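Structure file work_27.cif (mmCIF, C-alpha atoms and all ligand atoms) is printed below.
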data_model
#
loop_
_atom_site.label_atom_id
_atom_site.label_comp_id
_atom_site.auth_asym_id
_atom_site.auth_seq_id
_atom_site.Cartn_x
_atom_site.Cartn_y
_atom_site.Cartn_z
CA MET D 139 0.00 0.00 0.00
CA THR D 140 1.15 3.52 -0.74
CA THR D 141 2.89 4.59 2.45
CA GLN D 142 0.45 5.69 5.13
CA LYS D 143 0.88 7.52 8.40
CA ASN D 144 -1.82 7.22 11.05
CA GLY D 145 -4.15 5.63 8.49
CA GLN D 146 -3.75 8.54 6.05
CA PHE D 147 -1.80 8.43 2.83
CA VAL D 148 1.34 10.55 2.79
CA ARG D 149 0.23 11.77 -0.63
CA ARG D 150 -3.45 11.74 -1.62
CA PRO D 151 -3.81 8.96 -4.20
CA LEU D 152 -5.17 9.96 -7.60
CA ILE D 153 -7.13 7.60 -9.83
CA ALA D 154 -7.35 9.24 -13.25
CA GLY D 155 -9.33 8.00 -16.24
CA ASN D 156 -8.03 8.92 -19.69
CA TRP D 157 -10.88 8.23 -22.09
CA LYS D 158 -8.69 8.93 -25.14
CA MET D 159 -10.81 9.35 -28.31
CA ASN D 160 -13.81 7.50 -26.93
CA MET D 161 -17.27 8.66 -25.78
CA ASP D 162 -19.25 11.34 -27.59
CA HIS D 163 -20.86 14.13 -25.58
CA MET D 164 -24.01 12.11 -24.84
CA GLN D 165 -22.11 9.00 -23.83
CA ALA D 166 -19.88 11.16 -21.64
CA ILE D 167 -22.82 12.36 -19.57
CA ALA D 168 -24.10 8.82 -19.10
CA LEU D 169 -20.66 7.59 -18.08
CA VAL D 170 -20.03 10.37 -15.58
CA GLN D 171 -23.49 9.95 -14.05
CA LYS D 172 -23.03 6.21 -13.67
CA LEU D 173 -19.53 6.64 -12.25
CA ALA D 174 -20.74 9.19 -9.70
CA TRP D 175 -23.67 6.99 -8.62
CA THR D 176 -21.47 3.92 -8.36
CA LEU D 177 -18.91 5.75 -6.25
CA ASP D 178 -21.66 7.24 -4.07
CA ASP D 179 -23.14 3.76 -3.52
CA ALA D 180 -19.68 2.63 -2.43
CA ASN D 181 -19.40 5.65 -0.08
CA HIS D 182 -16.29 6.77 -1.89
CA ASP D 183 -14.23 9.22 0.15
CA TYR D 184 -12.98 11.72 -2.41
CA GLU D 185 -10.91 13.52 0.19
CA ARG D 186 -8.99 10.31 0.73
CA VAL D 187 -8.70 9.21 -2.93
CA GLN D 188 -9.08 11.82 -5.67
CA VAL D 189 -10.87 10.71 -8.84
CA SER D 190 -10.50 12.54 -12.17
CA VAL D 191 -11.65 11.89 -15.70
CA PHE D 192 -10.08 13.15 -18.92
CA PRO D 193 -12.76 13.14 -21.64
CA PRO D 194 -12.34 14.39 -25.22
CA PHE D 195 -12.52 18.20 -25.62
CA THR D 196 -16.03 18.03 -27.07
CA ASP D 197 -17.36 16.42 -23.88
CA LEU D 198 -15.96 18.94 -21.43
CA ARG D 199 -18.86 21.41 -21.49
CA GLY D 200 -21.37 18.64 -20.79
CA VAL D 201 -19.21 17.20 -18.02
CA GLN D 202 -18.82 20.67 -16.50
CA THR D 203 -22.58 21.21 -16.49
CA LEU D 204 -23.20 17.84 -14.87
CA VAL D 205 -20.47 18.15 -12.25
CA ALA D 206 -21.54 21.69 -11.31
CA GLY D 207 -25.28 20.99 -11.44
CA ASP D 208 -25.12 17.82 -9.35
CA LYS D 209 -22.30 19.15 -7.14
CA LEU D 210 -20.18 16.09 -7.87
CA ASP D 211 -16.80 15.64 -6.21
CA LEU D 212 -15.33 14.17 -9.39
CA GLU D 213 -12.70 16.30 -11.06
CA TYR D 214 -12.04 16.48 -14.77
CA GLY D 215 -9.40 17.69 -17.15
CA ALA D 216 -8.33 17.63 -20.78
CA GLN D 217 -6.08 15.19 -22.61
CA ASP D 218 -3.92 17.89 -24.17
CA LEU D 219 -3.62 21.66 -24.63
CA SER D 220 -1.93 24.12 -26.95
CA PRO D 221 1.32 25.79 -25.94
CA GLN D 222 -0.36 29.03 -27.11
CA ASP D 223 -3.17 30.95 -25.42
CA SER D 224 -5.03 32.20 -28.53
CA GLY D 225 -4.59 33.06 -32.19
CA ALA D 226 -4.12 31.41 -35.57
CA TYR D 227 -3.54 27.84 -34.39
CA THR D 228 -6.19 25.90 -36.28
CA GLY D 229 -7.51 22.93 -34.39
CA ASP D 230 -5.71 23.71 -31.15
CA ILE D 231 -7.32 24.24 -27.75
CA SER D 232 -6.03 26.83 -25.32
CA GLY D 233 -5.42 26.29 -21.63
CA ALA D 234 -7.48 29.44 -21.07
CA PHE D 235 -10.51 27.69 -22.59
CA LEU D 236 -9.94 24.62 -20.43
CA ALA D 237 -9.70 26.69 -17.27
CA LYS D 238 -13.00 28.40 -18.16
CA LEU D 239 -14.60 24.97 -18.49
CA GLY D 240 -13.61 24.16 -14.91
CA CYS D 241 -10.78 21.76 -15.74
CA SER D 242 -8.38 21.35 -12.84
CA GLN D 243 -5.80 19.16 -14.57
CA VAL D 244 -4.44 18.48 -18.05
CA LEU D 245 -2.46 15.57 -19.47
CA VAL D 246 0.81 16.60 -21.08
CA GLY D 247 3.19 14.45 -23.10
CA HIS D 248 1.09 11.32 -23.30
CA SER D 249 2.97 8.72 -25.33
CA GLU D 250 0.23 8.78 -27.98
CA ARG D 251 0.84 12.53 -28.46
CA ARG D 252 4.59 11.96 -28.55
CA GLU D 253 4.34 9.07 -31.04
CA ILE D 254 1.41 9.97 -33.28
CA HIS D 255 1.88 13.75 -33.27
CA GLY D 256 5.65 13.81 -32.96
CA GLU D 257 5.68 15.88 -29.79
CA GLY D 258 9.20 16.18 -28.46
CA ASP D 259 10.46 17.26 -25.07
CA GLY D 260 10.46 20.96 -26.08
CA VAL D 261 6.77 20.88 -26.99
CA VAL D 262 5.96 19.00 -23.81
CA ARG D 263 7.80 21.61 -21.78
CA SER D 264 5.96 24.47 -23.51
CA LYS D 265 2.63 22.75 -22.79
CA ILE D 266 3.50 22.51 -19.10
CA GLU D 267 4.25 26.23 -19.21
CA ALA D 268 0.85 26.88 -20.79
CA ALA D 269 -0.89 24.73 -18.19
CA LEU D 270 0.77 26.63 -15.36
CA ARG D 271 -0.24 29.99 -16.88
CA HIS D 272 -3.86 28.91 -16.48
CA GLN D 273 -3.64 27.21 -13.08
CA LEU D 274 -4.11 23.76 -14.60
CA ALA D 275 -2.22 21.01 -12.79
CA PRO D 276 -0.03 19.29 -15.39
CA VAL D 277 -0.08 15.49 -15.42
CA LEU D 278 3.22 14.85 -17.16
CA CYS D 279 3.32 11.45 -18.88
CA VAL D 280 6.66 9.73 -19.35
CA GLY D 281 7.81 6.21 -20.13
CA GLU D 282 9.81 4.03 -22.44
CA GLY D 283 8.98 1.95 -25.51
CA LEU D 284 9.69 -1.74 -25.82
CA GLU D 285 13.06 -1.37 -27.54
CA VAL D 286 14.34 0.91 -24.83
CA ARG D 287 13.07 -1.46 -22.14
CA GLU D 288 14.70 -4.45 -23.82
CA ALA D 289 17.98 -2.57 -24.08
CA GLY D 290 17.80 -1.92 -20.34
CA ASN D 291 17.71 1.88 -20.79
CA HIS D 292 14.22 2.46 -19.39
CA VAL D 293 15.29 4.32 -16.24
CA HIS D 294 17.70 6.60 -18.08
CA HIS D 295 15.17 7.27 -20.86
CA THR D 296 12.31 8.08 -18.48
CA LEU D 297 14.38 10.33 -16.23
CA ALA D 298 15.67 12.21 -19.27
CA GLN D 299 12.06 12.89 -20.28
CA VAL D 300 11.28 14.17 -16.78
CA GLN D 301 14.33 16.42 -16.68
CA ALA D 302 13.72 17.87 -20.15
CA ALA D 303 10.04 18.56 -19.47
CA LEU D 304 10.73 20.36 -16.19
CA GLU D 305 13.75 22.36 -17.28
CA GLY D 306 13.62 25.93 -16.02
CA PHE D 307 10.59 25.57 -13.75
CA THR D 308 10.84 26.20 -10.02
CA ALA D 309 9.46 23.91 -7.34
CA GLU D 310 6.93 26.62 -6.46
CA GLN D 311 5.65 26.69 -10.04
CA LEU D 312 5.36 22.91 -10.03
CA ALA D 313 3.51 22.63 -6.73
CA GLU D 314 0.56 20.82 -8.35
CA LEU D 315 2.62 18.68 -10.75
CA VAL D 316 1.65 15.02 -11.14
CA ILE D 317 3.86 12.58 -13.06
CA ALA D 318 2.48 9.46 -14.72
CA TYR D 319 4.94 6.69 -15.56
CA GLU D 320 3.51 4.73 -18.48
CA PRO D 321 5.70 2.16 -20.18
CA VAL D 322 4.48 2.36 -23.78
CA TRP D 323 4.63 -1.42 -24.25
CA ALA D 324 2.05 -1.83 -21.46
CA ILE D 325 -0.53 0.63 -22.83
CA GLY D 326 -3.66 -1.03 -24.12
CA THR D 327 -1.82 -4.32 -24.56
CA GLY D 328 -2.98 -6.17 -21.47
CA LYS D 329 0.67 -6.33 -20.38
CA THR D 330 1.41 -4.54 -17.15
CA ALA D 331 4.74 -3.71 -15.71
CA GLY D 332 5.05 -5.72 -12.53
CA PRO D 333 4.46 -3.90 -9.26
CA GLU D 334 8.24 -3.98 -8.75
CA ASP D 335 8.79 -2.27 -12.12
CA ALA D 336 6.23 0.42 -11.32
CA GLN D 337 7.84 1.02 -7.93
CA GLU D 338 11.37 1.01 -9.42
CA LEU D 339 10.51 3.79 -11.86
CA ALA D 340 8.40 5.77 -9.40
CA ALA D 341 11.27 5.72 -6.90
CA ALA D 342 13.76 6.69 -9.61
CA ILE D 343 11.56 9.62 -10.68
CA ARG D 344 11.23 10.76 -7.07
CA ALA D 345 14.99 10.57 -6.61
CA LYS D 346 15.45 12.64 -9.78
CA LEU D 347 13.03 15.28 -8.44
CA ALA D 348 15.02 15.39 -5.19
CA GLU D 349 18.22 15.88 -7.20
CA LEU D 350 16.68 18.63 -9.38
CA TYR D 351 14.81 20.40 -6.57
CA SER D 352 14.69 19.13 -2.98
CA GLN D 353 13.66 16.05 -1.05
CA GLU D 354 10.70 17.98 0.35
CA PHE D 355 9.46 18.77 -3.14
CA ALA D 356 10.10 15.22 -4.36
CA ASP D 357 8.10 13.83 -1.44
CA SER D 358 5.14 16.05 -2.32
CA VAL D 359 4.77 15.06 -5.99
CA ARG D 360 2.30 12.32 -6.84
CA ILE D 361 3.62 9.68 -9.21
CA LEU D 362 1.08 7.48 -11.00
CA TYR D 363 1.48 4.26 -12.94
CA GLY D 364 -0.36 3.72 -16.23
CA GLY D 365 -0.61 0.74 -18.57
CA SER D 366 -3.38 -1.88 -18.53
CA VAL D 367 -4.48 -1.06 -14.97
CA LYS D 368 -7.64 -2.93 -13.95
CA SER D 369 -9.51 -3.62 -10.73
CA GLY D 370 -7.71 -6.97 -10.51
CA ASN D 371 -4.19 -5.54 -10.52
CA VAL D 372 -4.54 -2.02 -9.10
CA ALA D 373 -3.98 -2.96 -5.46
CA SER D 374 -0.71 -4.74 -6.14
CA ILE D 375 0.54 -1.88 -8.35
CA LEU D 376 -0.32 0.72 -5.74
CA ALA D 377 1.44 -1.33 -3.08
CA GLY D 378 4.69 0.38 -4.06
CA ALA D 379 5.59 3.08 -1.56
CA ASP D 380 6.25 5.60 -4.34
CA VAL D 381 3.23 4.76 -6.51
CA ASP D 382 0.49 7.24 -5.68
CA GLY D 383 -2.24 6.30 -8.10
CA ALA D 384 -3.05 5.18 -11.61
CA LEU D 385 -3.68 6.67 -15.03
CA VAL D 386 -6.24 4.31 -16.50
CA GLY D 387 -7.16 4.09 -20.18
CA GLY D 388 -9.45 1.29 -21.38
CA ALA D 389 -10.76 0.34 -17.96
CA SER D 390 -11.94 3.92 -17.32
CA LEU D 391 -14.61 3.59 -20.03
CA GLU D 392 -16.72 1.26 -17.90
CA ALA D 393 -18.16 2.99 -14.83
CA GLU D 394 -18.31 0.00 -12.51
CA GLU D 395 -14.80 -1.17 -13.34
CA PHE D 396 -13.33 2.32 -12.96
CA ALA D 397 -15.17 2.79 -9.67
CA LYS D 398 -13.67 -0.48 -8.44
CA ILE D 399 -10.22 0.81 -9.37
CA ALA D 400 -10.89 4.02 -7.43
CA GLN D 401 -11.87 1.84 -4.49
CA PHE D 402 -8.56 -0.02 -4.66
CA GLU D 403 -8.21 -0.21 -0.91
CA LYS D 404 -11.11 -2.69 -0.87
CA HIS D 405 -9.21 -5.15 -3.07
CA ILE D 406 -6.34 -5.59 -0.70
CA THR D 407 -6.24 -9.07 0.68
CA ALA D 408 -4.47 -9.34 3.98
O1 LIG D 501 -3.49 7.12 -20.31
C1 LIG D 501 -3.67 5.92 -20.09
C2 LIG D 501 -2.73 4.94 -20.53
O2 LIG D 501 -2.34 5.17 -21.83
C3 LIG D 501 -3.08 3.52 -20.22
O3 LIG D 501 -4.04 3.00 -21.10
P1 LIG D 501 -4.61 1.51 -20.84
O4 LIG D 501 -5.08 1.48 -19.41
O5 LIG D 501 -5.71 1.33 -21.83
O6 LIG D 501 -3.45 0.58 -21.02
#
Translate this file's structure into structure tokens.
Ligand SMILES: O=C[C@H](O)COP(=O)(O)O
Amino acid sequence: MTTQKNGQFVRRPLIAGNWKMNMDHMQAIALVQKLAWTLDDANHDYERVQVSVFPPFTDLRGVQTLVAGDKLDLEYGAQDLSPQDSGAYTGDISGAFLAKLGCSQVLVGHSERREIHGEGDGVVRSKIEAALRHQLAPVLCVGEGLEVREAGNHVHHTLAQVQAALEGFTAEQLAELVIAYEPVWAIGTGKTAGPEDAQELAAAIRAKLAELYSQEFADSVRILYGGSVKSGNVASILAGADVDGALVGGASLEAEEFAKIAQFEKHITA
């Protein structure tokens, strides 16, 4: 279990659902409603375990209306943002727009953006800067592909991504930063890194943050694992002392399954 003191987590766990390009605006409302009801039925304590969803841009207005209207404790964010705030950037979405829609977080540097859209470390860094300008907590995604893993360079590769993305920012600016370690070979494949692998990388990222900033800062940053997380494996993955939550793709599209993941403490067998 993520390290606890006096029954409380040292860092508030975050269970985040990245819907990717799934769920139109009608389906989004149904999914959020069902998720909220399911978590309410399970007496979910949002103060203890934060739950966020990351729907497509076109769903955000509907999700905002539902969350505000029903006073839900769920949080939501976007899957990406533009480095720019406004102007002639056809197809892009500004952090200013996301903030106005009540987003509290935004994914940055997801491997699918890096791979499919060719986003390099410089773009990722500029997107973090844009997120911070609009008080959006960046969820920085990092992780290695299969070739890098097989060559044994996964720690070096992942830490280089972290360092490049955070270059020039102060600890104060990054107070709300979340980092998600997602080995690319485990995304949507059914393969998960073992709990030891997730802990190894989370600990290495925390040590890198301590080296770049301070131990106090490093201890405050939440580090998530992502890659084929399900209700059946979440408890063992979150057992690592440095693993503070999960970034869930496929399993976040089904309300009951995602709610079970958010309730990971109930799956722990003594
Ligand atoms: O952002 C989420 C990750 O890409 C994991 O996706 P997955 O749970 O479908 O493997």
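Taking only C-alpha atoms, the non-local environment of Glu338 (chain D) within 10 Å (same-chain residues fewer than 4 positions away omitted) comprises Val293, Gly332, Pro333, Glu334, Ala342, Ile343, Gly378, Ala379, Asp380 and Val381 of chain D.
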Given a cut-off of 6 Å, what residues near ligand LIG 501 (chain D) show up using only C-alpha atoms and all ligand atoms, put as JSON, numbers by chain? {"D": [156, 325, 326, 364, 365, 366, 367, 385, 386, 387, 388, 389]}
Across D:Ala397, D:Ala309, D:Leu297, D:Ala324, the smallest distance to Ala345 (chain D), with only C-alpha atoms counted, is shown by D:Leu297
Selected residue of minimal separation from Phe396 (chain D) among D:Ile167, D:Glu305, D:Ser369, D:Ser374, counting only C-alpha atoms: D:Ser369
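The shortest atom-to-atom distance to Leu204 (chain D), with all atoms listed in the file taken into account, belongs to D:Gln171 out of D:Gln171, D:Thr330, D:Thr308, D:Asn160.
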Please provide the set of residues having any atom within 12 Å of Ala393 (chain D), restricted to all atoms listed in the file, with same-chain residues fewer than 5 positions apart removed, written as a list in words. Gly155, Trp157, Gln165, Ala166, Ile167, Ala168, Leu169, Val170, Gln171, Lys172, Leu173, Ala174, Trp175, Thr176, Leu177, Val191, Ser369, Gly388, Lys398, Ile399 and Ala400 of chain D
Preceding selection exported with C-alpha atoms as an mmCIF file, keeping the file's coordinate frame:
data_model
loop_
_atom_site.group_PDB
_atom_site.id
_atom_site.type_symbol
_atom_site.label_atom_id
_atom_site.label_comp_id
_atom_site.auth_asym_id
_atom_site.auth_seq_id
_atom_site.Cartn_x
_atom_site.Cartn_y
_atom_site.Cartn_z
ATOM 1 C CA GLY D 155 -9.330 8.000 -16.240
ATOM 2 C CA TRP D 157 -10.880 8.230 -22.090
ATOM 3 C CA GLN D 165 -22.110 9.000 -23.830
ATOM 4 C CA ALA D 166 -19.880 11.160 -21.640
ATOM 5 C CA ILE D 167 -22.820 12.360 -19.570
ATOM 6 C CA ALA D 168 -24.100 8.820 -19.100
ATOM 7 C CA LEU D 169 -20.660 7.590 -18.080
ATOM 8 C CA VAL D 170 -20.030 10.370 -15.580
ATOM 9 C CA GLN D 171 -23.490 9.950 -14.050
ATOM 10 C CA LYS D 172 -23.030 6.210 -13.670
ATOM 11 C CA LEU D 173 -19.530 6.640 -12.250
ATOM 12 C CA ALA D 174 -20.740 9.190 -9.700
ATOM 13 C CA TRP D 175 -23.670 6.990 -8.620
ATOM 14 C CA THR D 176 -21.470 3.920 -8.360
ATOM 15 C CA LEU D 177 -18.910 5.750 -6.250
ATOM 16 C CA VAL D 191 -11.650 11.890 -15.700
ATOM 17 C CA SER D 369 -9.510 -3.620 -10.730
ATOM 18 C CA GLY D 388 -9.450 1.290 -21.380
ATOM 19 C CA LYS D 398 -13.670 -0.480 -8.440
ATOM 20 C CA ILE D 399 -10.220 0.810 -9.370
ATOM 21 C CA ALA D 400 -10.890 4.020 -7.430
#
What is the distance between CA of Val201 (chain D) and CA of Ala237 (chain D), in Å to one decimal? 13.5 Å
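Restricting the calculation to all atoms listed in the file, the smallest distance between Ala336 (chain D) and any of D:Gly383, D:Gly306, D:Gly290, D:Gly260 is found for D:Gly383.
Among the candidates D:Glu354, D:Glu394, D:Glu213, D:Glu349, the residue lying nearest to Gln301 (chain D) is D:Glu349 (atoms considered: all atoms listed in the file).
Within 12 Å of Met159 (chain D), once all atoms listed in the file are used and residues closer than 2 positions along the same chain are dropped, the contacting residues are Asn156, Trp157, Met161, Asp162, His163, Ala166, Phe192, Pro193, Pro194, Phe195, Thr196, Asp197, Ala216, Gln217, Asp218, Glu250, Gly387, Gly388 and Leu391 of chain D.
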Take the residues from that selection and write them out as a PDB file, in the frame of the given file, keeping C-alpha atoms.
ATOM      1  CA  ASN D 156      -8.030   8.920 -19.690  1.00  0.00           C
ATOM      2  CA  TRP D 157     -10.880   8.230 -22.090  1.00  0.00           C
ATOM      3  CA  MET D 161     -17.270   8.660 -25.780  1.00  0.00           C
ATOM      4  CA  ASP D 162     -19.250  11.340 -27.590  1.00  0.00           C
ATOM      5  CA  HIS D 163     -20.860  14.130 -25.580  1.00  0.00           C
ATOM      6  CA  ALA D 166     -19.880  11.160 -21.640  1.00  0.00           C
ATOM      7  CA  PHE D 192     -10.080  13.150 -18.920  1.00  0.00           C
ATOM      8  CA  PRO D 193     -12.760  13.140 -21.640  1.00  0.00           C
ATOM      9  CA  PRO D 194     -12.340  14.390 -25.220  1.00  0.00           C
ATOM     10  CA  PHE D 195     -12.520  18.200 -25.620  1.00  0.00           C
ATOM     11  CA  THR D 196     -16.030  18.030 -27.070  1.00  0.00           C
ATOM     12  CA  ASP D 197     -17.360  16.420 -23.880  1.00  0.00           C
ATOM     13  CA  ALA D 216      -8.330  17.630 -20.780  1.00  0.00           C
ATOM     14  CA  GLN D 217      -6.080  15.190 -22.610  1.00  0.00           C
ATOM     15  CA  ASP D 218      -3.920  17.890 -24.170  1.00  0.00           C
ATOM     16  CA  GLU D 250       0.230   8.780 -27.980  1.00  0.00           C
ATOM     17  CA  GLY D 387      -7.160   4.090 -20.180  1.00  0.00           C
ATOM     18  CA  GLY D 388      -9.450   1.290 -21.380  1.00  0.00           C
ATOM     19  CA  LEU D 391     -14.610   3.590 -20.030  1.00  0.00           C
TER      20      LEU D 391
END
Can you pull out every residue within 10 Å of Asp335 (chain D), counting only C-alpha atoms, but drop anything in the same chain fewer than 5 positions away, and send it as a PyMOL selection string? chain D and resi 321+330+340-341+363+375+378
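Reported to one decimal place, the separation of CA of Ile153 (chain D) from CA of Gln188 (chain D) is 6.2 Å.
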Compile a residue-level contact table for region 200-236 of chain D against region 264-269 of chain D at a cut-off of 12 Å, reporting for every qualifying residue the shortest atom pair and its distance in Å to one decimal, with all atoms listed in the file counted, rows ordered by chain and ascending number, as JSON lines.
{"residue": "D:Gly215", "atom": "CA", "partner": "D:Ala269", "partner_atom": "CA", "distance": 11.1}
{"residue": "D:Ala216", "atom": "CA", "partner": "D:Ala269", "partner_atom": "CA", "distance": 10.6}
{"residue": "D:Gln217", "atom": "CA", "partner": "D:Lys265", "partner_atom": "CA", "distance": 11.5}
{"residue": "D:Asp218", "atom": "CA", "partner": "D:Lys265", "partner_atom": "CA", "distance": 8.3}
{"residue": "D:Leu219", "atom": "CA", "partner": "D:Lys265", "partner_atom": "CA", "distance": 6.6}
{"residue": "D:Ser220", "atom": "CA", "partner": "D:Lys265", "partner_atom": "CA", "distance": 6.3}
{"residue": "D:Pro221", "atom": "CA", "partner": "D:Lys265", "partner_atom": "CA", "distance": 4.6}
{"residue": "D:Gln222", "atom": "CA", "partner": "D:Ala268", "partner_atom": "CA", "distance": 6.8}
{"residue": "D:Asp223", "atom": "CA", "partner": "D:Ala268", "partner_atom": "CA", "distance": 7.4}
{"residue": "D:Ser224", "atom": "CA", "partner": "D:Ala268", "partner_atom": "CA", "distance": 11.1}
{"residue": "D:Asp230", "atom": "CA", "partner": "D:Lys265", "partner_atom": "CA", "distance": 11.8}
{"residue": "D:Ile231", "atom": "CA", "partner": "D:Ala268", "partner_atom": "CA", "distance": 11.1}
{"residue": "D:Ser232", "atom": "CA", "partner": "D:Ala268", "partner_atom": "CA", "distance": 8.2}
{"residue": "D:Gly233", "atom": "CA", "partner": "D:Ala269", "partner_atom": "CA", "distance": 5.9}
{"residue": "D:Ala234", "atom": "CA", "partner": "D:Ala269", "partner_atom": "CA", "distance": 8.6}
{"residue": "D:Phe235", "atom": "CA", "partner": "D:Ala269", "partner_atom": "CA", "distance": 11.0}
{"residue": "D:Leu236", "atom": "CA", "partner": "D:Ala269", "partner_atom": "CA", "distance": 9.3}
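Note that the spacing between CA of Arg360 (chain D) and CA of Asn181 (chain D) amounts to 23.7 Å.
The nearest approach to Lys346 (chain D) among the residues D:Ala302, D:Tyr214, D:His405, D:Arg150, with all atoms listed in the file taken into account, belongs to D:Ala302.
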Once 8 Å is added on each side, what centre and edge lengths in Å to one decimal does the axis-aligned box around all listed atoms of region 223-234 of chain D have, as lines of an AutoDock Vina configuration file?
center_x = -5.3
center_y = 28.0
center_z = -28.7
size_x = 20.3
size_y = 26.1
size_z = 31.2
Please list as a ChimeraX atom specification every residue within 10 Å of region 251-258 of chain D, counting all atoms listed in the file and excluding residues in the same chain fewer than 4 positions away. /D:217-218,246-247,262-263,279-280,299,302-303,322
